[in-house]
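The file structure.pdb contains PDB, C-alpha atoms and all ligand atoms:
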ATOM      1  CA  MET A 298      74.586 134.266  17.815  1.00  0.00           C
ATOM      2  CA  TRP A 299      75.481 135.632  21.177  1.00  0.00           C
ATOM      3  CA  ASP A 300      77.006 138.850  22.185  1.00  0.00           C
ATOM      4  CA  GLU A 301      80.261 139.318  24.018  1.00  0.00           C
ATOM      5  CA  TRP A 302      78.513 139.874  27.361  1.00  0.00           C
ATOM      6  CA  GLU A 303      76.986 136.440  27.356  1.00  0.00           C
ATOM      7  CA  THR A 304      79.955 134.290  26.381  1.00  0.00           C
ATOM      8  CA  ASP A 305      81.628 134.416  29.773  1.00  0.00           C
ATOM      9  CA  LEU A 306      84.916 134.284  27.904  1.00  0.00           C
ATOM     10  CA  ARG A 307      87.809 136.292  29.204  1.00  0.00           C
ATOM     11  CA  ILE A 308      89.166 137.930  26.109  1.00  0.00           C
ATOM     12  CA  TYR A 309      92.601 139.527  26.340  1.00  0.00           C
ATOM     13  CA  HIS A 310      94.208 142.199  24.213  1.00  0.00           C
ATOM     14  CA  GLU A 311      97.594 140.486  24.535  1.00  0.00           C
ATOM     15  CA  CYS A 312      99.055 137.346  26.045  1.00  0.00           C
ATOM     16  CA  PRO A 313      98.455 137.573  29.826  1.00  0.00           C
ATOM     17  CA  PHE A 314     101.445 135.300  30.434  1.00  0.00           C
ATOM     18  CA  LYS A 315     103.799 137.745  28.811  1.00  0.00           C
ATOM     19  CA  SER A 316     106.103 139.035  31.501  1.00  0.00           C
ATOM     20  CA  SER A 317     106.174 142.751  32.053  1.00  0.00           C
ATOM     21  CA  SER A 318     108.540 144.627  29.805  1.00  0.00           C
ATOM     22  CA  LYS A 319     112.210 144.564  30.664  1.00  0.00           C
ATOM     23  CA  ILE A 320     114.642 147.408  31.101  1.00  0.00           C
ATOM     24  CA  ILE A 321     118.006 147.001  29.410  1.00  0.00           C
ATOM     25  CA  ALA A 322     120.895 148.877  31.037  1.00  0.00           C
ATOM     26  CA  VAL A 323     123.887 149.689  28.831  1.00  0.00           C
ATOM     27  CA  PRO A 324     127.130 151.175  30.224  1.00  0.00           C
ATOM     28  CA  ILE A 325     127.873 154.721  29.021  1.00  0.00           C
ATOM     29  CA  SER A 326     131.427 153.714  28.049  1.00  0.00           C
ATOM     30  CA  LEU A 327     130.008 151.126  25.659  1.00  0.00           C
ATOM     31  CA  LEU A 328     127.763 153.727  24.028  1.00  0.00           C
ATOM     32  CA  ILE A 329     130.680 156.139  23.624  1.00  0.00           C
ATOM     33  CA  THR A 330     132.858 153.363  22.196  1.00  0.00           C
ATOM     34  CA  LEU A 331     130.185 152.309  19.701  1.00  0.00           C
ATOM     35  CA  ARG A 332     129.833 155.929  18.614  1.00  0.00           C
ATOM     36  CA  ARG A 333     133.592 156.176  18.056  1.00  0.00           C
ATOM     37  CA  ILE A 334     133.545 152.981  15.976  1.00  0.00           C
ATOM     38  CA  GLU A 335     130.504 154.184  14.063  1.00  0.00           C
ATOM     39  CA  ARG A 336     132.604 157.098  12.791  1.00  0.00           C
ATOM     40  CA  MET A 337     135.398 154.734  11.720  1.00  0.00           C
ATOM     41  CA  THR A 338     133.330 152.554   9.354  1.00  0.00           C
ATOM     42  CA  ASN A 339     130.267 152.410   7.126  1.00  0.00           C
ATOM     43  CA  ASN A 340     129.989 148.670   7.528  1.00  0.00           C
ATOM     44  CA  GLU A 341     127.858 146.486   9.713  1.00  0.00           C
ATOM     45  CA  PHE A 342     129.529 144.897  12.731  1.00  0.00           C
ATOM     46  CA  LEU A 343     128.495 142.655  15.593  1.00  0.00           C
ATOM     47  CA  MET A 344     129.505 142.170  19.205  1.00  0.00           C
ATOM     48  CA  TYR A 345     128.662 139.612  21.866  1.00  0.00           C
ATOM     49  CA  CYS A 346     128.063 140.469  25.521  1.00  0.00           C
ATOM     50  CA  ASP A 347     127.135 138.876  28.815  1.00  0.00           C
ATOM     51  CA  CYS A 348     124.429 140.232  31.069  1.00  0.00           C
ATOM     52  CA  GLU A 349     123.144 139.991  34.598  1.00  0.00           C
ATOM     53  CA  GLU A 350     119.612 140.572  35.788  1.00  0.00           C
ATOM     54  CA  LYS A 351     118.777 142.571  38.912  1.00  0.00           C
ATOM     55  CA  GLU A 352     115.248 143.548  39.890  1.00  0.00           C
ATOM     56  CA  GLY A 353     113.969 143.110  36.334  1.00  0.00           C
ATOM     57  CA  VAL A 354     116.796 145.238  34.896  1.00  0.00           C
ATOM     58  CA  ILE A 355     119.116 143.445  32.494  1.00  0.00           C
ATOM     59  CA  ILE A 356     122.614 144.902  32.742  1.00  0.00           C
ATOM     60  CA  VAL A 357     124.790 144.388  29.653  1.00  0.00           C
ATOM     61  CA  ASN A 358     128.487 143.757  30.338  1.00  0.00           C
ATOM     62  CA  ASN A 359     131.685 142.028  29.113  1.00  0.00           C
ATOM     63  CA  CYS A 360     131.297 142.872  25.440  1.00  0.00           C
ATOM     64  CA  HIS A 361     133.719 141.658  22.795  1.00  0.00           C
ATOM     65  CA  PHE A 362     134.118 141.601  19.027  1.00  0.00           C
ATOM     66  CA  PRO A 363     134.399 138.093  17.621  1.00  0.00           C
ATOM     67  CA  ARG A 364     136.393 137.609  14.422  1.00  0.00           C
ATOM     68  CA  GLN A 365     134.089 138.588  11.570  1.00  0.00           C
ATOM     69  CA  GLU A 366     133.980 139.650   7.927  1.00  0.00           C
ATOM     70  CA  VAL A 367     131.725 142.578   7.161  1.00  0.00           C
ATOM     71  CA  THR A 368     130.233 144.569   4.306  1.00  0.00           C
ATOM     72  CA  THR A 369     127.819 147.496   4.289  1.00  0.00           C
ATOM     73  CA  ALA A 370     124.976 144.965   4.404  1.00  0.00           C
ATOM     74  CA  SER A 371     126.230 141.827   6.123  1.00  0.00           C
ATOM     75  CA  VAL A 372     128.251 140.259   8.924  1.00  0.00           C
ATOM     76  CA  ASP A 373     129.862 136.822   8.715  1.00  0.00           C
ATOM     77  CA  VAL A 374     130.990 135.768  12.157  1.00  0.00           C
ATOM     78  CA  GLU A 375     133.904 133.332  12.123  1.00  0.00           C
ATOM     79  CA  GLU A 376     133.561 132.365  15.760  1.00  0.00           C
ATOM     80  CA  PRO A 377     129.840 132.202  16.580  1.00  0.00           C
ATOM     81  CA  SER A 378     129.062 132.215  20.270  1.00  0.00           C
ATOM     82  CA  LEU A 379     126.139 131.397  22.514  1.00  0.00           C
ATOM     83  CA  LYS A 380     126.532 134.529  24.617  1.00  0.00           C
ATOM     84  CA  PRO A 381     123.167 135.808  25.804  1.00  0.00           C
ATOM     85  CA  VAL A 382     123.444 139.275  24.261  1.00  0.00           C
ATOM     86  CA  VAL A 383     124.307 140.314  20.724  1.00  0.00           C
ATOM     87  CA  ILE A 384     124.530 143.914  19.537  1.00  0.00           C
ATOM     88  CA  HIS A 385     124.829 144.642  15.849  1.00  0.00           C
ATOM     89  CA  ARG A 386     125.070 147.826  13.892  1.00  0.00           C
ATOM     90  CA  HIS A 387     123.145 148.813  10.838  1.00  0.00           C
ATOM     91  CA  PRO A 388     124.726 151.526   8.748  1.00  0.00           C
ATOM     92  CA  ARG A 389     122.767 154.036   6.706  1.00  0.00           C
ATOM     93  CA  GLY A 390     119.960 154.446   9.197  1.00  0.00           C
ATOM     94  CA  VAL A 391     118.336 151.031   8.787  1.00  0.00           C
ATOM     95  CA  HIS A 392     116.258 150.993  11.964  1.00  0.00           C
ATOM     96  CA  GLY A 393     114.628 147.572  11.712  1.00  0.00           C
ATOM     97  CA  PHE A 394     115.703 143.946  11.925  1.00  0.00           C
ATOM     98  CA  SER A 395     115.910 142.162   8.578  1.00  0.00           C
ATOM     99  CA  GLY A 396     114.642 138.652   7.879  1.00  0.00           C
ATOM    100  CA  THR A 397     118.258 137.483   8.006  1.00  0.00           C
ATOM    101  CA  ASP A 398     118.664 139.130  11.410  1.00  0.00           C
ATOM    102  CA  TYR A 399     115.716 137.148  12.766  1.00  0.00           C
ATOM    103  CA  GLU A 400     116.975 133.907  11.286  1.00  0.00           C
ATOM    104  CA  TYR A 401     120.669 134.117  12.165  1.00  0.00           C
ATOM    105  CA  ILE A 402     120.977 136.563  15.054  1.00  0.00           C
ATOM    106  CA  ASN A 403     117.746 137.035  16.981  1.00  0.00           C
ATOM    107  CA  ALA A 404     116.848 133.347  17.109  1.00  0.00           C
ATOM    108  CA  ASN A 405     120.235 132.359  18.554  1.00  0.00           C
ATOM    109  CA  HIS A 406     120.618 134.765  21.453  1.00  0.00           C
ATOM    110  CA  ARG A 407     118.352 135.679  24.306  1.00  0.00           C
ATOM    111  CA  ILE A 408     118.704 139.402  23.694  1.00  0.00           C
ATOM    112  CA  SER A 409     119.437 141.085  20.382  1.00  0.00           C
ATOM    113  CA  LEU A 410     120.019 144.832  20.232  1.00  0.00           C
ATOM    114  CA  LEU A 411     120.351 147.067  17.195  1.00  0.00           C
ATOM    115  CA  PHE A 412     122.727 150.046  17.194  1.00  0.00           C
ATOM    116  CA  VAL A 413     121.756 152.662  14.600  1.00  0.00           C
ATOM    117  CA  ASP A 414     122.744 156.325  14.270  1.00  0.00           C
ATOM    118  CA  GLY A 415     124.465 156.682  17.628  1.00  0.00           C
ATOM    119  CA  LYS A 416     121.998 154.813  19.826  1.00  0.00           C
ATOM    120  CA  ILE A 417     120.589 151.418  20.612  1.00  0.00           C
ATOM    121  CA  ARG A 418     117.159 151.943  19.129  1.00  0.00           C
ATOM    122  CA  LYS A 419     115.560 148.572  19.042  1.00  0.00           C
ATOM    123  CA  GLY A 420     115.818 145.027  20.281  1.00  0.00           C
ATOM    124  CA  VAL A 421     114.096 141.752  21.020  1.00  0.00           C
ATOM    125  CA  ILE A 422     114.198 139.379  23.964  1.00  0.00           C
ATOM    126  CA  THR A 423     113.354 135.751  23.296  1.00  0.00           C
ATOM    127  CA  GLU A 424     111.225 134.562  26.195  1.00  0.00           C
ATOM    128  CA  LYS A 425     109.677 131.233  26.991  1.00  0.00           C
ATOM    129  CA  MET A 426     106.038 131.649  27.949  1.00  0.00           C
ATOM    130  CA  PRO A 427     104.451 129.477  30.647  1.00  0.00           C
ATOM    131  CA  CYS A 428     102.479 127.706  27.903  1.00  0.00           C
ATOM    132  CA  GLY A 429     105.792 126.529  26.449  1.00  0.00           C
ATOM    133  CA  ILE A 430     106.077 128.619  23.313  1.00  0.00           C
ATOM    134  CA  TYR A 431     108.907 131.076  22.717  1.00  0.00           C
ATOM    135  CA  MET A 432     108.035 134.660  21.913  1.00  0.00           C
ATOM    136  CA  TYR A 433     109.966 137.680  20.720  1.00  0.00           C
ATOM    137  CA  VAL A 434     109.268 140.463  23.189  1.00  0.00           C
ATOM    138  CA  PRO A 435     110.117 143.775  21.526  1.00  0.00           C
ATOM    139  CA  ILE A 436     112.428 146.309  23.156  1.00  0.00           C
ATOM    140  CA  ASN A 437     112.091 149.937  22.121  1.00  0.00           C
ATOM    141  CA  ASP A 438     114.479 152.754  22.862  1.00  0.00           C
ATOM    142  CA  ASP A 439     112.299 153.750  25.842  1.00  0.00           C
ATOM    143  CA  ASP A 440     113.234 150.409  27.448  1.00  0.00           C
ATOM    144  CA  ILE A 441     116.957 151.154  27.236  1.00  0.00           C
ATOM    145  CA  ILE A 442     118.748 153.113  29.930  1.00  0.00           C
ATOM    146  CA  TYR A 443     122.403 154.081  30.040  1.00  0.00           C
ATOM    147  CA  ILE A 444     124.249 153.520  33.276  1.00  0.00           C
ATOM    148  CA  PHE A 445     127.223 155.518  34.354  1.00  0.00           C
ATOM    149  CA  ASP A 446     130.510 153.639  34.499  1.00  0.00           C
ATOM    150  CA  LYS A 447     133.060 155.991  32.967  1.00  0.00           C
ATOM    151  CA  ILE A 448     132.864 158.684  30.325  1.00  0.00           C
ATOM    152  CA  ASP A 449     135.653 157.258  28.268  1.00  0.00           C
ATOM    153  CA  VAL A 450     136.189 155.198  25.149  1.00  0.00           C
ATOM    154  CA  ASP A 451     137.084 151.583  25.881  1.00  0.00           C
ATOM    155  CA  GLU A 452     140.424 151.427  24.054  1.00  0.00           C
ATOM    156  CA  ASP A 453     140.623 147.631  24.435  1.00  0.00           C
ATOM    157  CA  LEU A 454     137.373 147.298  22.497  1.00  0.00           C
ATOM    158  CA  ILE A 455     138.641 149.649  19.767  1.00  0.00           C
ATOM    159  CA  LYS A 456     141.797 147.539  19.476  1.00  0.00           C
ATOM    160  CA  GLN A 457     139.713 144.361  19.312  1.00  0.00           C
ATOM    161  CA  PHE A 458     137.515 145.947  16.644  1.00  0.00           C
ATOM    162  CA  ASN A 459     140.584 146.789  14.524  1.00  0.00           C
ATOM    163  CA  GLU A 460     141.999 143.298  14.909  1.00  0.00           C
ATOM    164  CA  ASN A 461     138.870 141.176  14.521  1.00  0.00           C
ATOM    165  CA  VAL A 462     136.510 143.039  12.201  1.00  0.00           C
ATOM    166  CA  LYS A 463     137.737 142.619   8.639  1.00  0.00           C
ATOM    167  CA  VAL A 464     136.176 144.032   5.512  1.00  0.00           C
ATOM    168  CA  LYS A 465     135.174 141.292   3.126  1.00  0.00           C
ATOM    169  CA  VAL A 466     137.151 141.442  -0.101  1.00  0.00           C
ATOM    170  CA  TYR A 467     135.478 140.293  -3.288  1.00  0.00           C
ATOM    171  CA  HIS A 468     137.827 138.833  -5.853  1.00  0.00           C
ATOM    172  CA  ASN A 469     136.040 139.833  -9.012  1.00  0.00           C
ATOM    173  CA  ILE A 470     137.004 138.311 -12.304  1.00  0.00           C
ATOM    174  CA  ASP A 471     138.467 140.850 -14.680  1.00  0.00           C
ATOM    175  CA  TYR A 472     135.930 140.293 -17.455  1.00  0.00           C
ATOM    176  CA  LYS A 473     137.661 142.573 -19.986  1.00  0.00           C
ATOM    177  CA  GLU A 474     140.798 140.501 -19.649  1.00  0.00           C
ATOM    178  CA  TYR A 475     138.734 137.324 -19.830  1.00  0.00           C
ATOM    179  CA  TYR A 476     136.959 138.217 -23.077  1.00  0.00           C
ATOM    180  CA  ARG A 477     140.187 139.405 -24.728  1.00  0.00           C
ATOM    181  CA  HIS A 478     141.450 135.854 -24.566  1.00  0.00           C
ATOM    182  CA  LEU A 479     138.374 134.210 -26.037  1.00  0.00           C
TER     183      LEU A 479
HETATM  184 ZN    ZN B   1     121.041 143.343  10.714  1.00  0.00          ZN
END

Kindly return the structure encoded in the file as structure tokens.
Amino acid sequence: MWDEWETDLRIYHECPFKSSSKIIAVPISLLITLRRIERMTNNEFLMYCDCEEKEGVIIVNNCHFPRQEVTTASVDVEEPSLKPVVIHRHPRGVHGFSGTDYEYINANHRISLLFVDGKIRKGVITEKMPCGIYMYVPINDDDIIYIFDKIDVDEDLIKQFNENVKVKVYHNIDYKEYYRHL
């Protein structure tokens, strides 16, 4: 046995290669638009965005709604994209990423942000470490800042939402009718 003082090992509390935490900058007009849409639906929805990085700040821009089918618990995107940023909404105050989110959303985009109850409250950035592995670096709401562009709803985005985000319709069998004929 030896004690810690004699090992000469440098023991870290977290990966020293991990880059310092990032700041994500979201335009105010996008926040206002998401809040408007949040009042229009109880369903999930998803949008893709571009981003640019300046001085360690990642600025989200050029957002759009791809064609998608949604329910209160799922999003099926018809036109998946490799855009670097994805923002999706969880209704009913679900503040965490689900297993499905990690598998289908977070793993396929550099930055994934979660919009819940009027704010972007959580996210992850997928980063390649110098040792070669990829890591999810968490983003908390403290890492998100809102930048002033215009205090106005983006009507083009609302229009796109209405055109591209469709509620999934389940065609249930009418069982009563079915059994009557047996
Ligand atoms: Zn989700």

List the residues matched by the PyMOL selection byres (((not hetatm)) within 7 of (chain B and resi 1)) in the displayed structure as an MDAnalysis selection string, ordered by chain and then by residue number. chainID A and resid 385:387 394:395 398

Output as a tab-separated table one row per residue of region 416-457 of chain A within 12 Å of region 355-372 of chain A: the closest atom pair and its distance in Å to one decimal place, counting all atoms listed in the file, sorted by chain and residue number ascending.
residue	atom	partner	partner_atom	distance
A:Ile422	CA	A:Ile355	CA	10.7
A:Ile436	CA	A:Ile355	CA	11.8
A:Asp440	CA	A:Ile355	CA	10.4
A:Ile441	CA	A:Ile355	CA	9.6
A:Ile442	CA	A:Ile356	CA	9.5
A:Tyr443	CA	A:Ile356	CA	9.6
A:Ile444	CA	A:Ile356	CA	8.8
A:Phe445	CA	A:Ile356	CA	11.7
A:Asp446	CA	A:Asn358	CA	10.9
A:Asp451	CA	A:Cys360	CA	10.5
A:Glu452	CA	A:His361	CA	11.9
A:Asp453	CA	A:His361	CA	9.3
A:Leu454	CA	A:His361	CA	6.7
A:Ile455	CA	A:Phe362	CA	9.3
A:Lys456	CA	A:Phe362	CA	9.7
A:Gln457	CA	A:Phe362	CA	6.2

Could you check how far CA of Ile448 (chain A) sits from CA of Leu328 (chain A), in Å to one decimal? 9.5 Å

Using all atoms of region 407-420 of chain A that appear in the file, construct an axis-aligned enclosing box with 5 Å of padding on every side and provide its centre coordinates and edge lengths in Å, rounded to one decimal, as lines of an AutoDock Vina configuration file.
center_x = 120.0
center_y = 146.2
center_z = 19.3
size_x = 18.9
size_y = 31.0
size_z = 20.0

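For the set A:Asn437, A:Thr330, A:Ser378, A:Asn459, the residue with the smallest atom-to-atom gap to Arg418 (chain A) is A:Asn437, counting all atoms listed in the file.
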
Taking the file as shown, find all residues satisfying the PyMOL selection byres (((chain A and resi 413) around 10) and not hetatm) and write them as a PyMOL selection string. chain A and resi 331-332+335+341+385-393+410-412+414-419
